[in-house]
Amino acid sequence: MTAKSMMPYVEGNSAIRAMFEEGARMAAQYGAENVYDFSLGNPSVPAPEEVNQAIRDILEEEPTLLVHGYNKSNSGYEDVRQKVAEHLNELHGTHFASENIIMTVGAASGLNVAIKALVDPGEEILAFAPYFVEYGNYAKNHGASLRAVPADTVTFQPNLDAMKEMMTPQTRAVIINSPNNPTGVVYSEETIRKLAHILEEKQEEYGKEIYIISDEPYRELAYDGVEVPYITKYYDNTVVGYSWSKSLSLPGERIGYLVFPSEMADFENAIQAANIANRVLGYVNAPTLIQRVAGRCLKSKVDIEAYDRNRRALYEGLVDAGYECIFPEGAFYLFVKSPIDDDVAFCAKAKEHHILIVPGKSFACPGYVRIAYCVAYDTIVNSMPAFAALMKDIKESE
């Protein structure tokens with residue numbers, strides 16, 4: 001019999017994954033070229049050639065035990081962590097060292113490690129709607145509760161006034177995600193400064209640490225010269241979770257890291273707790289071969305021009321067809337206002353036109369839908385008549 005504790009997860013299984021699986025079935029039925037699958041944030045731009053070459057070189061140059069054996073530390077290879085720290089220092093003017101870095105099995109495991117290390121069962125985590133659907137499950141995994149801060153649907157910057165009102169002595173952490181999934185919005189420096197100020201006030205009021213957990217897998221996917229603030233420079237009690245899934249198009253390799261700045265409260269115990277959490281949660285250590293690859297490819301990047309081209313074509317095409325959406329500054333998602341109140345019903349209607357998109361309800365922001373434009377450019381161009389026909393159907397049914 002399935003464990004009762006898992007039944008809420010089963011019942012709330014990710015709408016994104018379900019839609020992606022539906023897309024595979026529809027492609028087999030109608031032909032892949034006739035299905036416009038915008039459901040999953042699976043990078044379409046190939047990994048840089050340096051990644052493939054690094055894999056070949058490592059297998060030839062480095063001892064088998066070093067490439068495939070256990071790490072001596074659950075934090076990962078010290079030399080790779082030092083390279084990551086130095087790379088961050090070069091980019092952001094920080095002063096990290098190897099002891100500030102824990103290599104993780106992607107960003108998802110990193111967030112779970114951070115929550116396990118910093119948040120006690122019964123405490124609260126706040127997240128700004130719209131947010132990635134799995135955050136609630138990550139909190140639940142560790143006996144915490146996630147509370148959604150209502151969205152500011154004008155700018156989609158964090159609703160800081162609402163957050164301040166929602167905070168209680170049980171609030172232990174705030175998760176932020178910029179560039180944001182699903183909106184593509186980049187949180188401004190002004191927003192980050194105001195957030196830090198509020199949390200500093202609340203820490204003093206409650207007499208306890210409150211952490212920012214910054215989820216940053218899309219950091220390198222920012223367009224038009226937009227700057228993505230580095231959060232540890234604004235607030236000491238910050239943990240940064242990063243993944244190379246998007247910046248190097250390696251989602252299946254599951255490689256990322258956590259940053260614990262030395263300035264954070266109780267740093268020594270916090271980093272040790274995270275190191276142990278990495279082990280007891282079953283990750284043991286991040287995949288060793290890909291750790292070494294990451295260490296060699298820190299300055300490599302995917303060609304985001306392809307995403308930028310998609311971004312502009314999709315936005316312009318949808319606006320011309322009568323849809324309302326905010327122009328994204330980063331990531332590879334467009335958050336579109338549903339033409340009808342029920343975003344789930346709208347996604348069902350879109351499926352009749354072979355368009356697969358995800359309802360905003362899945363991101364705690366009903367009334368909107370997410371479109372992942374990390375697809376072939378032809379998919380966007382070819383989908384435009386279907387989006388126009390969908391809008392026509394909606395208007396005719398009113």
# chains A, B, ... in the order shown; residues from 1 in each chain; ligands from 1

$ closest_atom_pairs --of "stretch 247-311 of chain A" --to "stretch 315-328 of chain A" --cutoff "12 Å" --atoms "only C-alpha atoms" --output "CSV"
residue,atom,partner,partner_atom,distance
A:Tyr307,CA,A:Pro328,CA,11.2
A:Asp308,CA,A:Pro328,CA,9.9
A:Arg309,CA,A:Tyr315,CA,10.1
A:Asn310,CA,A:Tyr315,CA,8.3
A:Arg311,CA,A:Tyr315,CA,6.1

$ residues_around --residues "stretch 45-61 of chain A" --least-positions-apart "5" --cutoff "12 Å" --atoms "only C-alpha atoms" --output "number ranges by chain"
A: 66-68, 221, 244-253, 288-308, 310, 332, 373-377

$ select_by_dssp --residues "stretch 246-362 of chain A" --states "strand (DSSP E or B)" --output "list in words"
Gly256, Tyr257, Leu258, Val259, Glu324, Cys325, Gly330, Tyr333, Leu334, Phe335, Val336, Lys337, Ile355, Leu356, Val358 and Pro359 of chain A

$ write_last_selection --atoms "C-alpha atoms" --output "CSV table (one decimal), in the first residue's frame"
chain,number,residue,atom,x,y,z
A,256,GLY,CA,24.5,22.8,-9.2
A,257,TYR,CA,25.7,24.4,-6.0
A,258,LEU,CA,24.7,26.3,-2.9
A,259,VAL,CA,26.4,29.4,-1.6
A,324,GLU,CA,-2.1,40.4,-22.8
A,325,CYS,CA,1.3,39.7,-21.4
A,330,GLY,CA,14.9,36.9,-18.5
A,333,TYR,CA,8.9,31.9,-20.2
A,334,LEU,CA,6.0,34.2,-21.1
A,335,PHE,CA,3.3,34.7,-18.6
A,336,VAL,CA,0.0,35.5,-20.4
A,337,LYS,CA,-3.3,36.7,-19.1
A,355,ILE,CA,-1.3,24.0,-28.0
A,356,LEU,CA,0.1,22.8,-24.7
A,358,VAL,CA,0.4,25.5,-18.2
A,359,PRO,CA,-2.3,27.2,-16.1

$ select_by_dssp --residues "stretch 29-92 of chain A" --states "alpha helix (DSSP H)" --output "ChimeraX atom specification"
/A:29-30,49-61,64-68,78-92

$ atom_distance --atom1 "atom CA of A:Asp342" --atom2 "atom CA of A:Asp393"
15.1 Å

$ closest_residue --among "A:Lys202, A:His142, A:His92, A:Lys194" --to "A:Leu111" --atoms "only C-alpha atoms"
A:His142

$ atom_distance --atom1 "atom CA of A:Val84" --atom2 "atom CA of A:Ala274"
17.6 Å
